$ cat query-v9.cif   # mmCIF, C-alpha atoms and all ligand atoms
data_start
#
loop_
_atom_site.label_atom_id
_atom_site.label_comp_id
_atom_site.auth_asym_id
_atom_site.auth_seq_id
_atom_site.Cartn_x
_atom_site.Cartn_y
_atom_site.Cartn_z
CA MET J 1 6.65 -12.25 -16.74
CA SER J 2 3.11 -11.46 -15.55
CA THR J 3 0.81 -9.11 -17.40
CA LEU J 4 -2.53 -7.91 -16.09
CA MET J 5 -5.10 -5.54 -17.59
CA ILE J 6 -6.95 -3.22 -15.23
CA SER J 7 -10.08 -1.24 -16.12
CA SER J 8 -10.60 2.19 -14.64
CA SER J 9 -13.50 4.55 -15.30
CA THR J 10 -11.37 6.45 -17.81
CA HIS J 11 -9.27 3.76 -19.54
CA SER J 12 -7.72 0.31 -19.23
CA TYR J 13 -4.08 -0.06 -18.37
CA GLN J 14 -1.51 -2.79 -18.29
CA VAL J 15 0.54 -3.93 -15.31
CA VAL J 16 3.75 -5.75 -16.23
CA ILE J 17 5.73 -7.53 -13.51
CA LYS J 18 9.16 -9.04 -14.14
CA LYS J 19 12.75 -9.04 -12.93
CA GLY J 20 14.90 -6.47 -14.76
CA LEU J 21 12.18 -4.36 -16.44
CA ARG J 22 13.78 -1.03 -15.52
CA THR J 23 16.41 -1.46 -18.20
CA GLN J 24 13.94 -2.67 -20.84
CA LEU J 25 11.50 0.25 -20.93
CA LYS J 26 11.84 0.62 -24.70
CA ASP J 27 10.31 -2.83 -25.20
CA HIS J 28 7.39 -2.24 -22.88
CA LEU J 29 6.26 1.36 -23.36
CA ASP J 30 3.11 1.54 -25.47
CA LYS J 31 3.68 5.05 -26.77
CA LYS J 32 6.61 7.21 -27.85
CA TYR J 33 7.19 10.43 -25.91
CA ALA J 34 9.46 13.36 -26.78
CA LYS J 35 9.78 14.49 -23.14
CA VAL J 36 9.79 12.51 -19.93
CA LEU J 37 10.13 13.62 -16.29
CA VAL J 38 11.17 10.92 -13.83
CA ILE J 39 10.26 11.66 -10.21
CA THR J 40 11.98 9.59 -7.55
CA ASP J 41 13.21 9.85 -3.96
CA SER J 42 16.62 10.21 -2.34
CA LYS J 43 16.91 6.50 -1.53
CA VAL J 44 15.60 5.00 -4.75
CA GLY J 45 17.21 7.61 -7.05
CA PRO J 46 20.86 6.70 -6.36
CA LEU J 47 20.03 3.01 -6.91
CA TYR J 48 17.93 3.00 -10.07
CA LEU J 49 17.50 6.44 -11.66
CA ASP J 50 20.45 6.24 -14.09
CA GLU J 51 19.36 2.86 -15.38
CA VAL J 52 15.84 4.13 -16.02
CA ILE J 53 17.10 7.26 -17.80
CA ASN J 54 19.51 5.19 -19.90
CA ALA J 55 16.70 2.85 -20.91
CA PHE J 56 15.20 5.56 -23.15
CA PRO J 57 16.33 6.11 -26.74
CA GLU J 58 18.68 9.08 -27.20
CA ASP J 59 16.12 11.24 -28.96
CA VAL J 60 13.88 11.31 -25.86
CA GLU J 61 14.54 14.24 -23.54
CA VAL J 62 14.53 12.75 -20.03
CA SER J 63 14.71 15.06 -17.00
CA HIS J 64 14.40 14.09 -13.36
CA SER J 65 13.48 15.40 -9.91
CA ILE J 66 14.54 13.82 -6.65
CA VAL J 67 12.54 14.44 -3.45
CA SER J 68 13.66 13.45 0.05
CA ALA J 69 12.69 9.89 0.96
CA GLY J 70 9.89 9.64 3.51
CA GLU J 71 6.23 10.49 3.95
CA ALA J 72 7.00 14.17 4.66
CA SER J 73 7.64 14.71 0.94
CA LYS J 74 3.96 14.12 0.11
CA SER J 75 3.55 17.83 0.84
CA MET J 76 2.21 21.01 -0.75
CA GLU J 77 5.79 22.27 -0.91
CA GLN J 78 7.14 19.30 -2.89
CA TYR J 79 4.03 19.31 -5.06
CA SER J 80 4.72 22.94 -5.91
CA ASN J 81 8.43 22.25 -6.55
CA LEU J 82 7.54 19.44 -8.92
CA LEU J 83 5.10 21.62 -10.86
CA ASN J 84 7.95 24.09 -11.21
CA ALA J 85 10.10 21.27 -12.58
CA CYS J 86 7.38 20.40 -15.14
CA ILE J 87 7.31 24.03 -16.27
CA THR J 88 11.09 24.48 -16.27
CA ASN J 89 11.49 21.34 -18.37
CA GLN J 90 8.70 22.54 -20.68
CA LEU J 91 6.63 19.38 -20.40
CA ASP J 92 3.61 19.54 -22.69
CA ARG J 93 0.34 17.63 -23.04
CA ASN J 94 2.18 14.84 -24.87
CA SER J 95 4.84 14.38 -22.21
CA LEU J 96 5.14 11.56 -19.69
CA ILE J 97 5.66 11.70 -15.93
CA ILE J 98 7.15 8.59 -14.30
CA GLY J 99 6.91 7.84 -10.58
CA LEU J 100 9.93 5.68 -9.72
CA GLY J 101 9.70 4.60 -6.09
CA GLY J 102 7.42 3.35 -3.37
CA GLY J 103 3.88 4.46 -2.60
CA MET J 104 5.01 7.90 -1.48
CA VAL J 105 6.55 8.73 -4.86
CA GLY J 106 3.61 7.08 -6.65
CA ASP J 107 1.00 9.17 -4.83
CA LEU J 108 2.95 12.43 -5.14
CA SER J 109 4.01 12.10 -8.78
CA GLY J 110 0.55 10.84 -9.75
CA PHE J 111 -1.02 13.92 -8.20
CA VAL J 112 1.42 16.15 -10.09
CA ALA J 113 0.60 14.32 -13.35
CA SER J 114 -3.14 14.59 -12.69
CA THR J 115 -3.09 18.36 -12.31
CA TYR J 116 -0.26 19.63 -14.53
CA LEU J 117 -1.93 20.93 -17.73
CA ARG J 118 -5.15 19.26 -16.46
CA GLY J 119 -3.50 15.89 -16.72
CA VAL J 120 -0.55 14.33 -18.55
CA ASP J 121 0.31 10.65 -18.99
CA PHE J 122 1.56 9.01 -15.82
CA LEU J 123 3.59 5.80 -15.57
CA GLN J 124 4.06 4.01 -12.27
CA MET J 125 7.35 2.20 -11.67
CA PRO J 126 6.81 0.78 -8.18
CA THR J 127 9.95 -0.21 -6.25
CA SER J 128 8.43 -1.30 -2.94
CA ILE J 129 6.24 -4.31 -2.18
CA LEU J 130 3.64 -2.08 -0.58
CA ALA J 131 3.35 -0.21 -3.87
CA HIS J 132 1.61 -3.25 -5.41
CA ASP J 133 -1.31 -1.85 -3.45
CA SER J 134 -0.83 1.85 -4.17
CA SER J 135 0.11 1.67 -7.86
CA VAL J 136 -3.29 0.32 -8.96
CA GLY J 137 -6.69 1.72 -8.12
CA GLY J 138 -6.06 5.29 -9.23
CA LYS J 139 -5.90 7.10 -5.89
CA VAL J 140 -3.24 9.83 -5.92
CA ALA J 141 -2.75 12.38 -3.15
CA ILE J 142 -0.59 14.54 -0.96
CA ASN J 143 -0.88 15.11 2.79
CA HIS J 144 -2.01 18.15 4.76
CA LYS J 145 -0.79 18.84 8.27
CA GLN J 146 -4.31 17.98 9.46
CA GLY J 147 -4.18 14.52 7.97
CA LYS J 148 -2.91 12.05 5.39
CA ASN J 149 -4.08 12.09 1.77
CA LEU J 150 -6.45 15.01 2.30
CA ILE J 151 -5.67 16.57 -1.07
CA GLY J 152 -5.94 14.27 -4.06
CA CYS J 153 -7.99 12.76 -6.80
CA PHE J 154 -8.58 9.62 -8.84
CA TYR J 155 -6.11 9.40 -11.70
CA SER J 156 -5.07 6.06 -13.12
CA PRO J 157 -1.67 5.50 -14.70
CA ILE J 158 -1.32 4.62 -18.38
CA GLN J 159 0.84 1.66 -17.40
CA VAL J 160 2.51 0.06 -14.37
CA ILE J 161 5.99 -1.36 -14.89
CA TYR J 162 7.06 -3.35 -11.84
CA ASP J 163 10.66 -4.54 -11.77
CA THR J 164 10.92 -7.16 -9.01
CA GLU J 165 14.72 -6.87 -9.07
CA THR J 166 14.48 -3.44 -7.43
CA LEU J 167 12.90 -5.11 -4.38
CA GLN J 168 16.24 -6.68 -3.45
CA THR J 169 17.41 -3.41 -1.87
CA LEU J 170 14.31 -2.93 0.29
CA PRO J 171 15.02 -2.75 4.04
CA VAL J 172 13.55 -5.66 6.02
CA GLU J 173 10.85 -3.56 7.71
CA GLU J 174 9.65 -2.42 4.27
CA ILE J 175 9.42 -6.06 3.13
CA ARG J 176 7.29 -6.81 6.19
CA SER J 177 5.25 -3.68 5.52
CA GLY J 178 4.53 -4.70 1.93
CA TYR J 179 3.59 -8.21 3.00
CA GLY J 180 1.09 -6.78 5.51
CA GLU J 181 -0.94 -5.70 2.47
CA VAL J 182 -0.15 -8.88 0.50
CA VAL J 183 -1.49 -11.07 3.31
CA LYS J 184 -4.53 -8.78 3.53
CA HIS J 185 -5.24 -9.45 -0.14
CA ALA J 186 -4.81 -13.18 0.45
CA LEU J 187 -7.26 -13.18 3.39
CA LEU J 188 -9.77 -11.19 1.36
CA SER J 189 -9.66 -13.71 -1.45
CA ASP J 190 -8.48 -17.25 -1.18
CA MET J 191 -7.78 -19.90 1.46
CA SER J 192 -5.24 -21.90 -0.52
CA TRP J 193 -3.16 -18.81 -1.30
CA CYS J 194 -3.34 -17.91 2.41
CA GLU J 195 -2.11 -21.33 3.44
CA GLN J 196 0.84 -21.05 1.05
CA LEU J 197 1.71 -17.55 2.19
CA LEU J 198 1.51 -18.25 5.89
CA VAL J 199 4.43 -20.69 5.77
CA GLU J 200 6.74 -18.27 3.94
CA ASP J 201 9.90 -16.86 5.41
CA LEU J 202 9.96 -13.32 4.01
CA SER J 203 13.75 -13.14 4.05
CA ALA J 204 14.05 -16.02 1.59
CA LEU J 205 11.65 -15.28 -1.25
CA SER J 206 12.62 -16.00 -4.85
CA TYR J 207 11.93 -13.55 -7.69
CA GLN J 208 9.31 -15.96 -8.97
CA GLN J 209 7.53 -15.96 -5.60
CA LEU J 210 7.63 -12.16 -5.45
CA GLU J 211 6.21 -11.96 -8.96
CA ASP J 212 3.46 -14.46 -8.10
CA HIS J 213 2.49 -12.76 -4.83
CA LEU J 214 2.45 -9.26 -6.35
CA THR J 215 0.40 -10.50 -9.30
CA LEU J 216 -2.16 -12.20 -7.05
CA GLY J 217 -2.32 -9.17 -4.74
CA ILE J 218 -2.85 -6.77 -7.65
CA GLN J 219 -5.54 -9.08 -9.05
CA VAL J 220 -7.46 -8.93 -5.77
CA LYS J 221 -7.16 -5.16 -5.56
CA ALA J 222 -8.11 -4.76 -9.23
CA GLU J 223 -11.23 -6.90 -8.89
CA VAL J 224 -12.40 -4.74 -6.00
CA VAL J 225 -11.63 -1.33 -7.51
CA GLU J 226 -13.09 -2.32 -10.88
CA GLN J 227 -16.41 -2.86 -9.10
CA ASP J 228 -16.19 0.20 -6.88
CA GLU J 229 -13.56 2.74 -7.92
CA LYS J 230 -14.79 5.59 -5.70
CA GLU J 231 -15.22 3.57 -2.47
CA HIS J 232 -18.97 3.56 -2.01
CA GLY J 233 -19.21 -0.16 -1.28
CA VAL J 234 -16.89 -3.16 -1.65
CA ARG J 235 -13.72 -1.04 -1.84
CA ARG J 236 -14.17 -0.58 1.91
CA HIS J 237 -13.18 -4.24 2.33
CA LEU J 238 -9.64 -3.21 1.46
CA ASN J 239 -9.59 -1.51 4.86
CA LEU J 240 -9.27 -4.89 6.59
CA GLY J 241 -6.87 -4.34 9.50
CA HIS J 242 -6.73 -0.60 8.88
CA THR J 243 -8.99 0.71 11.69
CA LEU J 244 -6.58 -0.37 14.41
CA ALA J 245 -3.56 0.29 12.16
CA HIS J 246 -4.48 3.93 11.54
CA ALA J 247 -5.11 4.44 15.27
CA MET J 248 -1.73 2.89 16.14
CA GLU J 249 0.13 4.90 13.50
CA ALA J 250 -1.46 8.16 14.66
CA GLU J 251 -0.93 7.41 18.36
CA LEU J 252 2.70 6.32 17.93
CA GLY J 253 3.53 9.18 15.58
CA TYR J 254 4.18 8.48 11.93
CA GLY J 255 7.47 6.72 11.31
CA GLU J 256 7.47 4.61 14.52
CA ILE J 257 6.02 1.61 12.73
CA THR J 258 5.60 1.07 9.00
CA HIS J 259 2.07 1.20 7.65
CA GLY J 260 1.92 -2.45 6.59
CA GLU J 261 3.36 -3.71 9.87
CA ALA J 262 0.57 -1.85 11.69
CA VAL J 263 -1.94 -3.32 9.22
CA ALA J 264 -0.61 -6.82 9.95
CA ILE J 265 -1.32 -6.30 13.67
CA GLY J 266 -4.72 -4.79 12.84
CA ILE J 267 -5.61 -7.84 10.73
CA TRP J 268 -4.89 -10.15 13.67
CA PHE J 269 -7.26 -8.03 15.79
CA ALA J 270 -9.93 -8.12 13.07
CA MET J 271 -9.55 -11.93 12.83
CA LYS J 272 -10.13 -12.26 16.59
CA ILE J 273 -13.24 -10.07 16.49
CA SER J 274 -14.47 -12.02 13.44
CA GLU J 275 -14.06 -15.37 15.20
CA ASP J 276 -15.99 -14.13 18.20
CA SER J 277 -18.72 -12.35 16.23
CA PHE J 278 -19.43 -15.09 13.68
CA LYS J 279 -18.34 -18.15 15.70
CA VAL J 280 -16.13 -19.20 12.81
CA SER J 281 -12.64 -20.56 12.72
CA LEU J 282 -10.06 -18.61 10.75
CA PRO J 283 -6.37 -19.47 10.22
CA THR J 284 -5.50 -17.17 13.14
CA LYS J 285 -3.05 -19.56 14.76
CA SER J 286 -0.90 -19.93 11.65
CA TYR J 287 -1.25 -16.18 11.03
CA VAL J 288 0.20 -15.36 14.46
CA GLN J 289 3.01 -17.88 13.97
CA TRP J 290 3.79 -16.22 10.65
CA LEU J 291 3.90 -12.77 12.28
CA ILE J 292 6.31 -14.06 14.94
CA LYS J 293 8.50 -15.99 12.51
CA ASN J 294 8.88 -12.89 10.34
CA GLU J 295 9.52 -10.65 13.34
CA TYR J 296 6.57 -8.33 12.94
CA PRO J 297 6.85 -5.79 15.81
CA ILE J 298 3.74 -6.99 17.66
CA ASP J 299 5.05 -5.59 20.96
CA THR J 300 4.53 -2.08 19.54
CA LEU J 301 0.87 -2.47 20.46
CA LEU J 302 1.90 -2.57 24.11
CA LYS J 303 3.47 0.88 23.84
CA VAL J 304 0.14 2.60 23.29
CA ASN J 305 -2.69 3.27 25.69
CA PRO J 306 -5.78 1.21 24.72
CA GLU J 307 -8.14 4.04 25.77
CA LYS J 308 -6.41 6.37 23.36
CA LEU J 309 -6.58 3.79 20.60
CA VAL J 310 -10.33 3.42 21.06
CA ASN J 311 -10.67 7.21 20.93
CA ARG J 312 -8.73 7.31 17.70
CA MET J 313 -10.85 4.52 16.23
CA ARG J 314 -13.95 6.44 17.24
CA TRP J 315 -12.81 9.34 15.09
CA ASP J 316 -11.95 7.14 12.18
CA LYS J 317 -13.96 8.08 9.10
CA LYS J 318 -15.86 4.80 9.35
CA THR J 319 -17.56 5.73 12.66
CA ILE J 320 -21.29 6.41 12.55
CA ASP J 321 -23.58 6.87 15.64
CA ASN J 322 -21.02 5.71 18.22
CA ASN J 323 -20.64 2.45 16.37
CA ILE J 324 -17.28 1.77 14.88
CA HIS J 325 -17.39 0.11 11.49
CA PHE J 326 -14.97 -2.75 11.16
CA VAL J 327 -14.08 -4.93 8.21
CA LEU J 328 -14.40 -8.51 9.46
CA LEU J 329 -14.14 -11.94 7.86
CA GLU J 330 -17.04 -14.39 7.86
CA ALA J 331 -14.50 -16.72 6.28
CA VAL J 332 -11.31 -16.31 4.31
CA GLY J 333 -12.51 -14.68 1.09
CA SER J 334 -15.77 -13.39 2.64
CA PRO J 335 -15.25 -9.93 4.08
CA THR J 336 -18.08 -7.86 5.50
CA VAL J 337 -18.43 -4.51 7.28
CA GLU J 338 -19.92 -4.74 10.78
CA LYS J 339 -20.83 -2.21 13.45
CA ILE J 340 -19.13 -2.67 16.79
CA SER J 341 -20.18 -0.66 19.84
CA GLU J 342 -17.57 1.26 21.74
CA THR J 343 -18.10 -0.83 24.88
CA LYS J 344 -17.56 -4.04 22.99
CA LEU J 345 -14.50 -2.62 21.29
CA HIS J 346 -12.95 -1.76 24.66
CA GLN J 347 -13.45 -5.33 25.74
CA TYR J 348 -11.99 -6.77 22.54
CA LEU J 349 -8.99 -4.49 22.70
CA ASN J 350 -8.22 -5.27 26.34
CA ASP J 351 -8.37 -9.00 25.61
CA PHE J 352 -6.18 -8.51 22.55
CA VAL J 353 -3.56 -6.49 24.45
CA GLU J 354 -3.49 -9.24 27.09
CA GLU J 355 -2.95 -11.93 24.46
CA VAL J 356 -0.20 -9.93 22.72
CA SER J 357 1.61 -9.34 26.02
CA GLN J 358 1.50 -13.10 26.85
CA ILE J 359 2.98 -13.94 23.44
CA ASP J 360 5.54 -11.18 23.78
CA LYS J 361 6.70 -12.63 27.13
CA ARG J 362 7.07 -16.09 25.63
CA ASN J 363 9.24 -14.85 22.73
N1 LIG G 1 -2.82 5.35 -3.60
C1 LIG G 1 -3.15 4.31 -2.88
O1 LIG G 1 -4.13 3.62 -3.17
C2 LIG G 1 -2.31 3.94 -1.72
C3 LIG G 1 -2.50 2.71 -1.08
C4 LIG G 1 -1.64 2.37 -0.05
C5 LIG G 1 -0.64 3.25 0.34
N2 LIG G 1 -0.50 4.44 -0.29
C6 LIG G 1 0.55 5.39 0.09
O2 LIG G 1 1.80 4.74 -0.11
C7 LIG G 1 2.76 5.28 0.78
C8 LIG G 1 3.49 4.14 1.44
O3 LIG G 1 4.19 3.42 0.44
P1 LIG G 1 5.58 2.72 0.76
O4 LIG G 1 5.43 1.86 1.94
O5 LIG G 1 6.08 2.14 -0.51
O6 LIG G 1 6.43 3.96 1.26
P2 LIG G 1 7.63 4.80 0.66
O7 LIG G 1 7.42 5.13 -0.75
O8 LIG G 1 7.86 5.91 1.62
O9 LIG G 1 8.83 3.75 0.75
C9 LIG G 1 9.28 3.26 1.99
C10 LIG G 1 10.80 3.44 2.13
O10 LIG G 1 11.44 2.49 1.28
C11 LIG G 1 12.34 3.17 0.41
N3 LIG G 1 12.39 2.39 -0.82
C12 LIG G 1 11.40 2.24 -1.74
N4 LIG G 1 11.79 1.39 -2.69
C13 LIG G 1 13.04 0.99 -2.38
C14 LIG G 1 13.97 0.09 -2.97
N5 LIG G 1 13.67 -0.61 -4.05
N6 LIG G 1 15.18 -0.06 -2.37
C15 LIG G 1 15.48 0.62 -1.22
N7 LIG G 1 14.64 1.46 -0.62
C16 LIG G 1 13.43 1.64 -1.18
C17 LIG G 1 11.81 4.56 0.28
O11 LIG G 1 12.82 5.47 -0.08
C18 LIG G 1 11.30 4.81 1.70
O12 LIG G 1 12.35 5.18 2.53
C19 LIG G 1 1.99 6.16 1.75
O13 LIG G 1 2.18 7.50 1.39
C20 LIG G 1 0.55 5.75 1.54
O14 LIG G 1 -0.37 6.80 1.82
C21 LIG G 1 -1.31 4.79 -1.31
ZN ZN G 2 -2.94 0.16 3.66
#
$ encode --input "query-v9.cif" --output "structure tokens"
Amino acid sequence: MSTLMISSSTHSYQVVIKKGLRTQLKDHLDKKYAKVLVITDSKVGPLYLDEVINAFPEDVEVSHSIVSAGEASKSMEQYSNLLNACITNQLDRNSLIIGLGGGMVGDLSGFVASTYLRGVDFLQMPTSILAHDSSVGGKVAINHKQGKNLIGCFYSPIQVIYDTETLQTLPVEEIRSGYGEVVKHALLSDMSWCEQLLVEDLSALSYQQLEDHLTLGIQVKAEVVEQDEKEHGVRRHLNLGHTLAHAMEAELGYGEITHGEAVAIGIWFAMKISEDSFKVSLPTKSYVQWLIKNEYPIDTLLKVNPEKLVNRMRWDKKTIDNNIHFVLLEAVGSPTVEKISETKLHQYLNDFVEEVSQIDKRN
């Protein structure tokens, strides 16, 4: 079992990671609640909801709400439905809301918890690998049709209970997606962890490896957000790989590629720009071999028009004065934010597309 303590601007909270925790909530919850609302989605609910409900003592009133799986549920409509559920179930200031699911459920249920009665206790039970990233750091939000996460706030959970056993039912593309963010955390922090990770076959990980990788990833994220919760400085480093990823996701239409798979491709691009800009050598070769071995959909890049990608990157929130701000690596563990001109970016992207298409032909 791994236990971490994370400090937020409002309180400190514990993250517990272990196989089988969903059935042992009684032993791990810090406080006793009379009423609990478990929010989950239509894929995770049928798998784990009953076990979570049954893990509470009989005198606790546990209700639940199930939203459709998928990003579309991070909506005003579901938010409103869930507030209705809080009211119907008569949740009060001493009640608990649990988000049982991936990052979508975490963001949505956290936003409900942050606003219902001006804030009730919120417990994250992440069930995806990607949610190691979303369940700490306190950002909760829903989407607007004009963009992702436009409506939200900072609201940290009172605890994160991460049962690695639930990860066994994750579809393969969601494992890859989660590991896109895990490898990002490794590159932002530590060469020896990177070297270990870049030989892993993601279809053959043990529970101990999952626990170790999630713990290390959460530690990296926690160190960054503890220094800069509201993203004025170092928190921007967590956007490594995200400038290209967001452009690809938007251009392809959400749902065509998972977020973390797009991030994994974006990281490769950022590594190439870093090597050229700083004349350094990064573990790019082993990174690319790892992407190929684990069947990351690198050919997806070839489906989008590079001009359109540059346009999207230009409108990314990190663009100032026609210079696009990119998170680059001076070395593994030494991220920095650099300005790149649009002309240079065009050049880099064309070279990158060429390299990806050569690799794609060989595989
Ligand atoms: N708050 C933050 O700091 C932060 C950071 C990163 C991402 N996010 C948000 O997280 C979301 C993405 O998270 P995600 O990738 O976990 O997406 P998700 O919650 O949509 O889960 C992906 C898919 O996997 C399914 N799933 C989840 N756990 C499962 C399990 N154990 N077994 C079988 N299926 C399972 C879900 O039903 C869904 O279909 C996005 O909304 C993103 O904006 C938030
Ligand atoms: Zn991300």
$ residues_near_ligand --input "query-v9.cif" --ligand "ligand LIG 1 (chain G)" --cutoff "7 Å" --atoms "all atoms listed in the file" --output "VMD selection string"
chain J and resid 41 to 44 69 to 71 74 101 to 105 107 127 to 131 133 to 140 148 to 149 166 to 171 174 177 to 178 259
$ write_last_selection --input "query-v9.cif" --atoms "C-alpha atoms" --output "mmCIF file, keeping the file's coordinate frame"
data_model
loop_
_atom_site.group_PDB
_atom_site.id
_atom_site.type_symbol
_atom_site.label_atom_id
_atom_site.label_comp_id
_atom_site.auth_asym_id
_atom_site.auth_seq_id
_atom_site.Cartn_x
_atom_site.Cartn_y
_atom_site.Cartn_z
ATOM 1 C CA ASP J 41 13.210 9.850 -3.960
ATOM 2 C CA SER J 42 16.620 10.210 -2.340
ATOM 3 C CA LYS J 43 16.910 6.500 -1.530
ATOM 4 C CA VAL J 44 15.600 5.000 -4.750
ATOM 5 C CA ALA J 69 12.690 9.890 0.960
ATOM 6 C CA GLY J 70 9.890 9.640 3.510
ATOM 7 C CA GLU J 71 6.230 10.490 3.950
ATOM 8 C CA LYS J 74 3.960 14.120 0.110
ATOM 9 C CA GLY J 101 9.700 4.600 -6.090
ATOM 10 C CA GLY J 102 7.420 3.350 -3.370
ATOM 11 C CA GLY J 103 3.880 4.460 -2.600
ATOM 12 C CA MET J 104 5.010 7.900 -1.480
ATOM 13 C CA VAL J 105 6.550 8.730 -4.860
ATOM 14 C CA ASP J 107 1.000 9.170 -4.830
ATOM 15 C CA THR J 127 9.950 -0.210 -6.250
ATOM 16 C CA SER J 128 8.430 -1.300 -2.940
ATOM 17 C CA ILE J 129 6.240 -4.310 -2.180
ATOM 18 C CA LEU J 130 3.640 -2.080 -0.580
ATOM 19 C CA ALA J 131 3.350 -0.210 -3.870
ATOM 20 C CA ASP J 133 -1.310 -1.850 -3.450
ATOM 21 C CA SER J 134 -0.830 1.850 -4.170
ATOM 22 C CA SER J 135 0.110 1.670 -7.860
ATOM 23 C CA VAL J 136 -3.290 0.320 -8.960
ATOM 24 C CA GLY J 137 -6.690 1.720 -8.120
ATOM 25 C CA GLY J 138 -6.060 5.290 -9.230
ATOM 26 C CA LYS J 139 -5.900 7.100 -5.890
ATOM 27 C CA VAL J 140 -3.240 9.830 -5.920
ATOM 28 C CA LYS J 148 -2.910 12.050 5.390
ATOM 29 C CA ASN J 149 -4.080 12.090 1.770
ATOM 30 C CA THR J 166 14.480 -3.440 -7.430
ATOM 31 C CA LEU J 167 12.900 -5.110 -4.380
ATOM 32 C CA GLN J 168 16.240 -6.680 -3.450
ATOM 33 C CA THR J 169 17.410 -3.410 -1.870
ATOM 34 C CA LEU J 170 14.310 -2.930 0.290
ATOM 35 C CA PRO J 171 15.020 -2.750 4.040
ATOM 36 C CA GLU J 174 9.650 -2.420 4.270
ATOM 37 C CA SER J 177 5.250 -3.680 5.520
ATOM 38 C CA GLY J 178 4.530 -4.700 1.930
ATOM 39 C CA HIS J 259 2.070 1.200 7.650
#
$ residues_near_point --input "query-v9.cif" --point "(-3.4, 20.9, -7.7)" --cutoff "9 Å" --atoms "all atoms listed in the file" --output "list in words"
Met76, Tyr79, Ser80, Phe111, Val112, Ser114, Thr115, Tyr116, Ile151 and Gly152 of chain J
$ closest_residue --input "query-v9.cif" --among "J:Ser12, J:Thr23, J:Asn239, J:Gln208" --to "ligand ZN 2 (chain G)" --atoms "only C-alpha atoms and all ligand atoms"
J:Asn239
$ atom_distance --input "query-v9.cif" --atom1 "CA of Gly99 in chain J" --atom2 "CA of Leu83 in chain J"
13.9 Å
$ residues_around --input "query-v9.cif" --residues "range 242-255 of chain J" --least-positions-apart "3" --cutoff "9 Å" --atoms "only C-alpha atoms" --output "PDB file with C-alpha atoms, in the frame of the given file"
ATOM      1  CA  GLY J  70       9.890   9.640   3.510  1.00  0.00           C
ATOM      2  CA  GLU J  71       6.230  10.490   3.950  1.00  0.00           C
ATOM      3  CA  LEU J 238      -9.640  -3.210   1.460  1.00  0.00           C
ATOM      4  CA  ASN J 239      -9.590  -1.510   4.860  1.00  0.00           C
ATOM      5  CA  THR J 258       5.600   1.070   9.000  1.00  0.00           C
ATOM      6  CA  HIS J 259       2.070   1.200   7.650  1.00  0.00           C
ATOM      7  CA  GLY J 260       1.920  -2.450   6.590  1.00  0.00           C
ATOM      8  CA  GLU J 261       3.360  -3.710   9.870  1.00  0.00           C
ATOM      9  CA  ALA J 262       0.570  -1.850  11.690  1.00  0.00           C
ATOM     10  CA  VAL J 263      -1.940  -3.320   9.220  1.00  0.00           C
ATOM     11  CA  ALA J 264      -0.610  -6.820   9.950  1.00  0.00           C
ATOM     12  CA  ILE J 265      -1.320  -6.300  13.670  1.00  0.00           C
ATOM     13  CA  GLY J 266      -4.720  -4.790  12.840  1.00  0.00           C
ATOM     14  CA  ILE J 267      -5.610  -7.840  10.730  1.00  0.00           C
ATOM     15  CA  PHE J 269      -7.260  -8.030  15.790  1.00  0.00           C
ATOM     16  CA  ALA J 270      -9.930  -8.120  13.070  1.00  0.00           C
ATOM     17  CA  THR J 300       4.530  -2.080  19.540  1.00  0.00           C
ATOM     18  CA  LEU J 301       0.870  -2.470  20.460  1.00  0.00           C
ATOM     19  CA  LYS J 303       3.470   0.880  23.840  1.00  0.00           C
ATOM     20  CA  VAL J 304       0.140   2.600  23.290  1.00  0.00           C
ATOM     21  CA  ASN J 305      -2.690   3.270  25.690  1.00  0.00           C
ATOM     22  CA  LYS J 308      -6.410   6.370  23.360  1.00  0.00           C
ATOM     23  CA  LEU J 309      -6.580   3.790  20.600  1.00  0.00           C
ATOM     24  CA  VAL J 310     -10.330   3.420  21.060  1.00  0.00           C
ATOM     25  CA  ASN J 311     -10.670   7.210  20.930  1.00  0.00           C
ATOM     26  CA  ARG J 312      -8.730   7.310  17.700  1.00  0.00           C
ATOM     27  CA  MET J 313     -10.850   4.520  16.230  1.00  0.00           C
ATOM     28  CA  ASP J 316     -11.950   7.140  12.180  1.00  0.00           C
ATOM     29  CA  LYS J 318     -15.860   4.800   9.350  1.00  0.00           C
ATOM     30  CA  ILE J 324     -17.280   1.770  14.880  1.00  0.00           C
ATOM     31  CA  HIS J 325     -17.390   0.110  11.490  1.00  0.00           C
ATOM     32  CA  PHE J 326     -14.970  -2.750  11.160  1.00  0.00           C
ATOM     33  CA  VAL J 327     -14.080  -4.930   8.210  1.00  0.00           C
TER      34      VAL J 327
END
$ residues_around --input "query-v9.cif" --residues "Phe122 in chain J" --least-positions-apart "6" --cutoff "7 Å" --atoms "only C-alpha atoms" --output "JSON, numbers by chain"
{"J": [96, 97, 98, 110, 113, 157, 158]}
